[in-house]
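What's in model33.txt: compact mmCIF, N, CA, C and O atoms
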```txt
# COMPACT_ATOMS: atom_id res chain seq x y z
N MET A 29 0.85 -1.17 0.00
CA MET A 29 0.00 0.00 0.00
C MET A 29 0.90 1.23 0.00
O MET A 29 1.68 1.43 0.92
N PRO A 30 0.79 2.08 -1.03
CA PRO A 30 1.65 3.26 -1.06
C PRO A 30 1.27 4.27 0.01
O PRO A 30 0.10 4.54 0.23
N ARG A 31 2.26 4.81 0.67
CA ARG A 31 2.01 5.79 1.72
C ARG A 31 2.11 7.19 1.12
O ARG A 31 2.99 7.46 0.33
N ALA A 32 1.18 8.05 1.52
CA ALA A 32 1.28 9.45 1.12
C ALA A 32 2.50 10.03 1.80
O ALA A 32 2.71 9.85 2.99
N THR A 33 3.33 10.68 1.04
CA THR A 33 4.56 11.25 1.58
C THR A 33 4.52 12.76 1.46
O THR A 33 3.61 13.32 0.84
N ALA A 34 5.52 13.41 2.01
CA ALA A 34 5.60 14.87 1.90
C ALA A 34 5.57 15.30 0.44
O ALA A 34 5.01 16.33 0.10
N ALA A 35 6.15 14.47 -0.44
CA ALA A 35 6.15 14.80 -1.86
C ALA A 35 4.74 14.77 -2.46
O ALA A 35 4.46 15.50 -3.40
N THR A 36 3.86 13.93 -1.92
CA THR A 36 2.52 13.82 -2.50
C THR A 36 1.48 14.66 -1.77
O THR A 36 0.41 14.90 -2.32
N ILE A 37 1.77 15.11 -0.52
CA ILE A 37 0.78 15.93 0.18
C ILE A 37 1.28 17.34 0.47
O ILE A 37 0.57 18.13 1.05
N GLY A 38 2.48 17.64 0.05
CA GLY A 38 3.00 19.00 0.24
C GLY A 38 4.40 18.98 0.81
O GLY A 38 4.73 18.16 1.65
N HIS A 39 5.22 19.91 0.35
CA HIS A 39 6.62 19.93 0.74
C HIS A 39 6.83 20.19 2.23
O HIS A 39 7.85 19.81 2.79
N ASN A 40 5.88 20.82 2.88
CA ASN A 40 6.07 21.15 4.30
C ASN A 40 5.32 20.19 5.22
O ASN A 40 5.14 20.48 6.39
N ALA A 41 4.91 19.02 4.72
CA ALA A 41 4.15 18.07 5.53
C ALA A 41 5.03 17.03 6.23
O ALA A 41 4.53 16.27 7.04
N SER A 42 6.30 17.01 5.94
CA SER A 42 7.18 16.03 6.53
C SER A 42 7.19 16.15 8.06
O SER A 42 7.41 17.23 8.61
N GLY A 43 6.95 15.04 8.72
CA GLY A 43 6.98 15.01 10.18
C GLY A 43 5.70 15.47 10.86
O GLY A 43 5.61 15.44 12.08
N LEU A 44 4.72 15.93 10.10
CA LEU A 44 3.47 16.37 10.70
C LEU A 44 2.65 15.19 11.17
O LEU A 44 2.67 14.12 10.57
N GLU A 45 1.89 15.41 12.22
CA GLU A 45 0.99 14.38 12.73
C GLU A 45 -0.42 14.93 12.79
O GLU A 45 -0.63 16.15 12.90
N ILE A 46 -1.37 14.02 12.70
CA ILE A 46 -2.78 14.38 12.82
C ILE A 46 -3.38 13.56 13.96
O ILE A 46 -2.85 12.52 14.33
N GLU A 47 -4.47 14.05 14.51
CA GLU A 47 -5.19 13.30 15.54
C GLU A 47 -6.61 13.08 15.05
O GLU A 47 -7.26 14.01 14.59
N ILE A 48 -7.06 11.82 15.12
CA ILE A 48 -8.41 11.48 14.69
C ILE A 48 -9.11 10.71 15.80
O ILE A 48 -8.46 10.22 16.73
N GLU A 49 -10.41 10.60 15.69
CA GLU A 49 -11.19 9.75 16.60
C GLU A 49 -11.64 8.53 15.81
O GLU A 49 -12.13 8.66 14.69
N VAL A 50 -11.46 7.36 16.39
CA VAL A 50 -11.88 6.11 15.76
C VAL A 50 -13.01 5.52 16.60
O VAL A 50 -12.94 5.49 17.82
N ARG A 51 -14.06 5.07 15.90
CA ARG A 51 -15.19 4.43 16.57
C ARG A 51 -15.44 3.07 15.93
O ARG A 51 -15.47 2.95 14.71
N LEU A 52 -15.62 2.06 16.76
CA LEU A 52 -15.89 0.71 16.29
C LEU A 52 -17.33 0.34 16.63
O LEU A 52 -17.79 0.59 17.75
N PHE A 53 -18.03 -0.25 15.66
CA PHE A 53 -19.43 -0.61 15.85
C PHE A 53 -19.67 -2.08 15.53
O PHE A 53 -18.91 -2.70 14.80
N ASN A 54 -20.78 -2.57 16.06
CA ASN A 54 -21.28 -3.92 15.80
C ASN A 54 -20.23 -4.97 16.12
O ASN A 54 -19.63 -4.92 17.18
N SER A 55 -19.96 -5.89 15.22
CA SER A 55 -19.05 -7.00 15.54
C SER A 55 -17.60 -6.56 15.71
O SER A 55 -16.78 -7.33 16.21
N LEU A 56 -17.26 -5.32 15.34
CA LEU A 56 -15.88 -4.85 15.49
C LEU A 56 -15.58 -4.30 16.89
O LEU A 56 -14.42 -4.07 17.23
N VAL A 57 -16.60 -4.12 17.71
CA VAL A 57 -16.42 -3.61 19.08
C VAL A 57 -15.45 -4.50 19.86
O VAL A 57 -14.64 -3.99 20.63
N ARG A 58 -15.49 -5.77 19.62
CA ARG A 58 -14.62 -6.70 20.37
C ARG A 58 -13.14 -6.44 20.11
O ARG A 58 -12.29 -6.88 20.88
N HIS A 59 -12.82 -5.72 19.05
CA HIS A 59 -11.42 -5.41 18.75
C HIS A 59 -10.96 -4.12 19.44
O HIS A 59 -9.81 -3.71 19.26
N GLY A 60 -11.84 -3.52 20.22
CA GLY A 60 -11.50 -2.29 20.93
C GLY A 60 -10.52 -2.50 22.07
O GLY A 60 -9.85 -1.57 22.49
N GLY A 61 -10.45 -3.71 22.57
CA GLY A 61 -9.53 -4.02 23.66
C GLY A 61 -9.81 -3.20 24.91
O GLY A 61 -10.94 -2.76 25.14
N ALA A 62 -8.78 -2.96 25.68
CA ALA A 62 -8.92 -2.23 26.95
C ALA A 62 -9.32 -0.78 26.73
O ALA A 62 -9.92 -0.16 27.61
N GLU A 63 -9.01 -0.22 25.56
CA GLU A 63 -9.34 1.18 25.30
C GLU A 63 -10.81 1.37 24.92
O GLU A 63 -11.29 2.49 24.90
N GLY A 64 -11.49 0.30 24.61
CA GLY A 64 -12.90 0.38 24.25
C GLY A 64 -13.12 0.71 22.79
O GLY A 64 -12.18 0.84 22.01
N PRO A 65 -14.38 0.88 22.41
CA PRO A 65 -14.72 1.08 21.00
C PRO A 65 -14.52 2.50 20.47
O PRO A 65 -14.67 2.74 19.28
N VAL A 66 -14.21 3.45 21.34
CA VAL A 66 -13.98 4.84 20.91
C VAL A 66 -12.64 5.29 21.46
O VAL A 66 -12.36 5.14 22.65
N ARG A 67 -11.80 5.82 20.58
CA ARG A 67 -10.49 6.29 21.02
C ARG A 67 -9.95 7.36 20.09
O ARG A 67 -10.37 7.46 18.94
N ARG A 68 -9.03 8.13 20.58
CA ARG A 68 -8.31 9.13 19.77
C ARG A 68 -6.93 8.56 19.48
O ARG A 68 -6.30 8.00 20.39
N ILE A 69 -6.51 8.67 18.23
CA ILE A 69 -5.18 8.18 17.87
C ILE A 69 -4.44 9.26 17.07
O ILE A 69 -5.06 10.08 16.40
N THR A 70 -3.13 9.22 17.18
CA THR A 70 -2.27 10.14 16.44
C THR A 70 -1.58 9.36 15.33
O THR A 70 -1.06 8.26 15.56
N LEU A 71 -1.61 9.95 14.14
CA LEU A 71 -1.05 9.31 12.95
C LEU A 71 -0.20 10.30 12.18
O LEU A 71 -0.37 11.51 12.31
N PRO A 72 0.69 9.81 11.31
CA PRO A 72 1.43 10.72 10.44
C PRO A 72 0.48 11.34 9.42
O PRO A 72 -0.48 10.69 9.00
N ALA A 73 0.75 12.58 9.02
CA ALA A 73 -0.06 13.22 7.97
C ALA A 73 -0.04 12.34 6.73
O ALA A 73 0.99 11.75 6.40
N GLY A 74 -1.19 12.22 6.08
CA GLY A 74 -1.30 11.39 4.89
C GLY A 74 -1.70 9.96 5.17
O GLY A 74 -1.75 9.13 4.27
N ALA A 75 -2.04 9.64 6.44
CA ALA A 75 -2.43 8.27 6.80
C ALA A 75 -3.73 7.90 6.08
O ALA A 75 -4.57 8.74 5.80
N THR A 76 -3.87 6.61 5.81
CA THR A 76 -5.03 6.11 5.08
C THR A 76 -5.90 5.21 5.96
O THR A 76 -5.45 4.73 7.01
N VAL A 77 -7.10 4.95 5.48
CA VAL A 77 -8.02 4.05 6.17
C VAL A 77 -7.40 2.66 6.30
O VAL A 77 -7.50 2.02 7.35
N GLY A 78 -6.73 2.20 5.27
CA GLY A 78 -6.08 0.89 5.33
C GLY A 78 -5.03 0.80 6.42
O GLY A 78 -4.90 -0.22 7.09
N GLU A 79 -4.30 1.89 6.63
CA GLU A 79 -3.29 1.90 7.69
C GLU A 79 -3.94 1.88 9.07
O GLU A 79 -3.41 1.26 10.00
N ILE A 80 -5.10 2.51 9.20
CA ILE A 80 -5.82 2.49 10.48
C ILE A 80 -6.31 1.08 10.77
O ILE A 80 -6.19 0.59 11.90
N VAL A 81 -6.84 0.41 9.76
CA VAL A 81 -7.31 -0.97 9.92
C VAL A 81 -6.15 -1.85 10.39
O VAL A 81 -6.30 -2.64 11.33
N SER A 82 -4.99 -1.70 9.79
CA SER A 82 -3.81 -2.48 10.19
C SER A 82 -3.37 -2.13 11.61
O SER A 82 -3.09 -3.02 12.41
N LEU A 83 -3.32 -0.84 11.93
CA LEU A 83 -2.90 -0.39 13.26
C LEU A 83 -3.79 -0.96 14.36
O LEU A 83 -3.31 -1.37 15.41
N LEU A 84 -5.10 -0.98 14.11
CA LEU A 84 -6.04 -1.47 15.11
C LEU A 84 -6.16 -3.00 15.13
O LEU A 84 -6.80 -3.56 16.01
N GLY A 85 -5.57 -3.65 14.13
CA GLY A 85 -5.63 -5.11 14.06
C GLY A 85 -7.01 -5.62 13.67
O GLY A 85 -7.39 -6.73 14.04
N LEU A 86 -7.75 -4.82 12.90
CA LEU A 86 -9.07 -5.25 12.45
C LEU A 86 -8.93 -6.23 11.29
O LEU A 86 -8.17 -5.95 10.35
N PRO A 87 -9.64 -7.36 11.33
CA PRO A 87 -9.59 -8.25 10.18
C PRO A 87 -10.30 -7.59 8.99
O PRO A 87 -11.50 -7.30 9.08
N PRO A 88 -9.60 -7.30 7.90
CA PRO A 88 -10.23 -6.60 6.78
C PRO A 88 -11.52 -7.26 6.28
O PRO A 88 -12.46 -6.57 5.91
N ARG A 89 -11.58 -8.58 6.32
CA ARG A 89 -12.78 -9.27 5.83
C ARG A 89 -14.01 -8.97 6.69
O ARG A 89 -15.14 -9.16 6.27
N ASP A 90 -13.79 -8.48 7.94
CA ASP A 90 -14.90 -8.16 8.84
C ASP A 90 -15.35 -6.70 8.76
O ASP A 90 -16.32 -6.32 9.41
N VAL A 91 -14.64 -5.88 7.98
CA VAL A 91 -14.99 -4.47 7.84
C VAL A 91 -15.98 -4.33 6.67
O VAL A 91 -15.63 -4.57 5.54
N PHE A 92 -17.22 -3.95 6.99
CA PHE A 92 -18.26 -3.84 5.98
C PHE A 92 -18.60 -2.40 5.63
O PHE A 92 -19.16 -2.14 4.59
N LEU A 93 -18.28 -1.46 6.52
CA LEU A 93 -18.64 -0.07 6.28
C LEU A 93 -17.60 0.82 6.96
O LEU A 93 -17.22 0.57 8.10
N VAL A 94 -17.14 1.85 6.23
CA VAL A 94 -16.22 2.83 6.80
C VAL A 94 -16.81 4.21 6.54
O VAL A 94 -17.10 4.57 5.40
N LEU A 95 -17.02 4.95 7.63
CA LEU A 95 -17.54 6.32 7.52
C LEU A 95 -16.46 7.29 7.99
O LEU A 95 -15.86 7.09 9.04
N ARG A 96 -16.22 8.32 7.20
CA ARG A 96 -15.33 9.41 7.61
C ARG A 96 -16.19 10.64 7.76
O ARG A 96 -16.78 11.12 6.80
N ASN A 97 -16.31 11.12 8.99
CA ASN A 97 -17.17 12.27 9.31
C ASN A 97 -18.61 12.03 8.84
O ASN A 97 -19.27 12.93 8.32
N GLY A 98 -19.07 10.80 9.02
CA GLY A 98 -20.45 10.45 8.70
C GLY A 98 -20.72 10.12 7.25
O GLY A 98 -21.85 9.81 6.89
N ARG A 99 -19.72 10.16 6.41
CA ARG A 99 -19.90 9.87 4.98
C ARG A 99 -19.17 8.59 4.61
O ARG A 99 -18.02 8.38 4.98
N ASP A 100 -19.86 7.78 3.83
CA ASP A 100 -19.32 6.50 3.38
C ASP A 100 -18.14 6.74 2.44
O ASP A 100 -18.30 7.35 1.39
N VAL A 101 -16.96 6.25 2.80
CA VAL A 101 -15.79 6.43 1.93
C VAL A 101 -15.67 5.31 0.91
O VAL A 101 -14.77 5.34 0.08
N SER A 102 -16.56 4.33 0.98
CA SER A 102 -16.51 3.20 0.06
C SER A 102 -17.81 3.06 -0.71
O SER A 102 -18.28 1.96 -0.96
N SER A 103 -18.39 4.15 -1.06
CA SER A 103 -19.68 4.13 -1.73
C SER A 103 -19.68 3.16 -2.90
O SER A 103 -18.81 3.20 -3.76
N GLY A 104 -20.66 2.27 -2.90
CA GLY A 104 -20.79 1.29 -3.97
C GLY A 104 -20.07 -0.01 -3.72
O GLY A 104 -20.26 -0.97 -4.44
N LEU A 105 -19.22 -0.06 -2.69
CA LEU A 105 -18.52 -1.29 -2.34
C LEU A 105 -19.17 -1.87 -1.10
O LEU A 105 -19.17 -1.24 -0.05
N TYR A 106 -19.74 -3.05 -1.22
CA TYR A 106 -20.41 -3.65 -0.07
C TYR A 106 -19.97 -5.09 0.09
O TYR A 106 -19.86 -5.83 -0.87
N GLY A 107 -19.71 -5.47 1.30
CA GLY A 107 -19.29 -6.82 1.62
C GLY A 107 -18.02 -6.79 2.44
O GLY A 107 -17.30 -5.79 2.46
N GLY A 108 -17.76 -7.86 3.11
CA GLY A 108 -16.59 -7.93 3.96
C GLY A 108 -15.30 -7.70 3.21
O GLY A 108 -15.05 -8.33 2.19
N GLY A 109 -14.49 -6.78 3.68
CA GLY A 109 -13.19 -6.50 3.09
C GLY A 109 -13.23 -5.56 1.91
O GLY A 109 -12.19 -5.20 1.38
N LEU A 110 -14.42 -5.14 1.47
CA LEU A 110 -14.53 -4.23 0.33
C LEU A 110 -14.71 -2.81 0.85
O LEU A 110 -15.81 -2.36 1.10
N PHE A 111 -13.61 -2.11 1.02
CA PHE A 111 -13.67 -0.72 1.46
C PHE A 111 -12.47 0.01 0.87
O PHE A 111 -11.49 -0.60 0.44
N ASN A 112 -12.55 1.29 0.80
CA ASN A 112 -11.51 2.11 0.19
C ASN A 112 -10.33 2.26 1.14
O ASN A 112 -10.32 3.14 1.99
N ARG A 113 -9.35 1.41 0.99
CA ARG A 113 -8.17 1.42 1.85
C ARG A 113 -7.30 2.66 1.64
O ARG A 113 -6.51 3.02 2.48
N GLU A 114 -7.42 3.28 0.48
CA GLU A 114 -6.57 4.42 0.12
C GLU A 114 -7.14 5.77 0.54
O GLU A 114 -6.51 6.80 0.34
N ALA A 115 -8.35 5.79 1.13
CA ALA A 115 -8.95 7.06 1.56
C ALA A 115 -8.07 7.70 2.63
O ALA A 115 -7.75 7.08 3.64
N VAL A 116 -7.65 8.93 2.40
CA VAL A 116 -6.76 9.65 3.32
C VAL A 116 -7.60 10.35 4.38
O VAL A 116 -8.66 10.91 4.09
N VAL A 117 -7.14 10.30 5.63
CA VAL A 117 -7.84 10.98 6.72
C VAL A 117 -7.12 12.28 7.06
O VAL A 117 -5.92 12.41 6.84
N ASP A 118 -7.87 13.22 7.59
CA ASP A 118 -7.35 14.53 7.95
C ASP A 118 -7.46 14.76 9.45
O ASP A 118 -8.24 14.09 10.14
N ASP A 119 -6.73 15.72 9.94
CA ASP A 119 -6.75 16.07 11.34
C ASP A 119 -8.17 16.39 11.79
O ASP A 119 -8.89 17.13 11.11
N GLY A 120 -8.59 15.80 12.90
CA GLY A 120 -9.91 16.05 13.45
C GLY A 120 -11.01 15.16 12.92
O GLY A 120 -12.15 15.22 13.38
N ASP A 121 -10.71 14.30 11.93
CA ASP A 121 -11.73 13.41 11.38
C ASP A 121 -12.22 12.42 12.42
O ASP A 121 -11.48 12.04 13.33
N VAL A 122 -13.46 11.99 12.25
CA VAL A 122 -14.03 10.89 13.02
C VAL A 122 -14.24 9.75 12.03
O VAL A 122 -14.97 9.90 11.04
N VAL A 123 -13.55 8.63 12.26
CA VAL A 123 -13.62 7.50 11.34
C VAL A 123 -14.30 6.35 12.07
O VAL A 123 -13.84 5.92 13.13
N ALA A 124 -15.40 5.88 11.50
CA ALA A 124 -16.18 4.80 12.12
C ALA A 124 -16.08 3.55 11.25
O ALA A 124 -16.19 3.62 10.03
N PHE A 125 -15.87 2.42 11.92
CA PHE A 125 -15.79 1.13 11.25
C PHE A 125 -16.93 0.26 11.77
O PHE A 125 -17.16 0.17 12.97
N SER A 126 -17.61 -0.41 10.84
CA SER A 126 -18.70 -1.30 11.23
C SER A 126 -18.51 -2.65 10.58
O SER A 126 -18.13 -2.75 9.41
N GLY A 127 -18.82 -3.67 11.36
CA GLY A 127 -18.84 -5.03 10.82
C GLY A 127 -20.24 -5.30 10.27
O GLY A 127 -21.05 -4.39 10.14
N PRO A 128 -20.51 -6.55 9.94
CA PRO A 128 -21.85 -6.89 9.45
C PRO A 128 -22.91 -6.52 10.49
O PRO A 128 -22.67 -6.62 11.69
N VAL A 129 -24.04 -6.05 10.01
CA VAL A 129 -25.09 -5.55 10.89
C VAL A 129 -26.28 -6.49 10.87
O VAL A 129 -26.77 -6.83 9.81
N PRO A 130 -26.77 -6.90 12.04
CA PRO A 130 -27.97 -7.73 12.07
C PRO A 130 -29.19 -6.91 11.68
O PRO A 130 -29.22 -5.70 11.83
N TYR A 131 -30.20 -7.59 11.14
CA TYR A 131 -31.41 -6.89 10.76
C TYR A 131 -32.25 -6.57 11.98
O TYR A 131 -32.25 -7.29 12.97
N SER A 132 -32.96 -5.48 11.91
CA SER A 132 -33.70 -4.95 13.05
C SER A 132 -35.11 -5.54 13.10
O SER A 132 -35.94 -5.22 12.26
N PHE A 133 -35.37 -6.34 14.10
CA PHE A 133 -36.71 -6.86 14.40
C PHE A 133 -37.44 -7.41 13.18
O PHE A 133 -38.64 -7.27 13.06
N GLY A 134 -36.74 -7.99 12.23
CA GLY A 134 -37.38 -8.62 11.09
C GLY A 134 -37.89 -7.66 10.03
O GLY A 134 -38.51 -8.08 9.07
N TYR A 135 -37.64 -6.36 10.18
CA TYR A 135 -38.11 -5.41 9.18
C TYR A 135 -37.16 -5.28 8.01
O TYR A 135 -37.47 -4.65 7.03
N GLY A 136 -35.95 -5.83 8.15
CA GLY A 136 -34.99 -5.79 7.05
C GLY A 136 -34.18 -4.52 6.98
O GLY A 136 -33.50 -4.27 6.01
N ALA A 137 -34.23 -3.67 8.00
CA ALA A 137 -33.46 -2.41 7.98
C ALA A 137 -32.19 -2.58 8.81
O ALA A 137 -32.27 -2.86 10.00
N PRO A 138 -31.04 -2.45 8.18
CA PRO A 138 -29.81 -2.54 8.97
C PRO A 138 -29.68 -1.39 9.95
O PRO A 138 -30.16 -0.29 9.68
N VAL A 139 -29.07 -1.66 11.08
CA VAL A 139 -28.90 -0.64 12.12
C VAL A 139 -27.42 -0.33 12.25
O VAL A 139 -26.63 -1.22 12.48
N VAL A 140 -27.05 0.94 12.10
CA VAL A 140 -25.65 1.35 12.27
C VAL A 140 -25.60 2.43 13.31
O VAL A 140 -26.36 3.34 13.33
```

Have the structure of the file written as structure tokens, please.
Amino acid sequence: MPRATAATIGHNASGLEIEIEVRLFNSLVRHGGAEGPVRRITLPAGATVGEIVSLLGLPPRDVFLVLRNGRDVSSGLYGGGLFNREAVVDDGDVVAFSGPVPYSFGYGAPVV
């Protein structure tokens, strides 16, 4: 996975860090460990969704939905492991990961 570097995000970005909030939902909550399903993490500028998945130790096949600030970054890709790994996150973003969602009371509406 190619990493965004100072050359690709700007000459003055070398060594910069960003802080984001990560939220885990549904079957991914169990991967929250002692820190729980919501945490703030610091990453190098230019970090991607794929790098966050690796950092948190989430099994990619269990990631069904990725939201960045409430918007689906993998629009049109549905199913375990089908998400935009190359989506870059910015300082202050809230990134939510969801595993498969059970249907709500038989009505067929997924709950996130």

Item to check | Which residue of A:Val57, A:Ile80, A:Leu95, A:Leu71 approaches Val122 (chain A) most closely, using all atoms listed in the file | outcome: A:Leu95

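Restricting the calculation to only C-alpha atoms, the smallest distance between Arg113 (chain A) and any of A:Ile46, A:Ile69, A:Leu93, A:Leu56 is found for A:Leu93.
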
Checklist entry - atom O of Leu44 (chain A) and atom C of Pro65 (chain A), how far apart in Å? => result 23.0 Å

Next on the checklist: My list of candidates is A:Ala115, A:Val123, A:Val94, A:Leu110. Which is closest to Arg68 (chain A) when distances are computed with only C-alpha atoms?
Outcome noted: A:Val123

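From atom C of Pro72 (chain A) back to atom O of Pro88 (chain A), the distance works out to 22.4 Å.
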
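With distances taken over all atoms listed in the file, A:Asp121 is the one residue among A:Val91, A:Asp100, A:Asp121, A:Phe111 lying closest to Arg67 (chain A).
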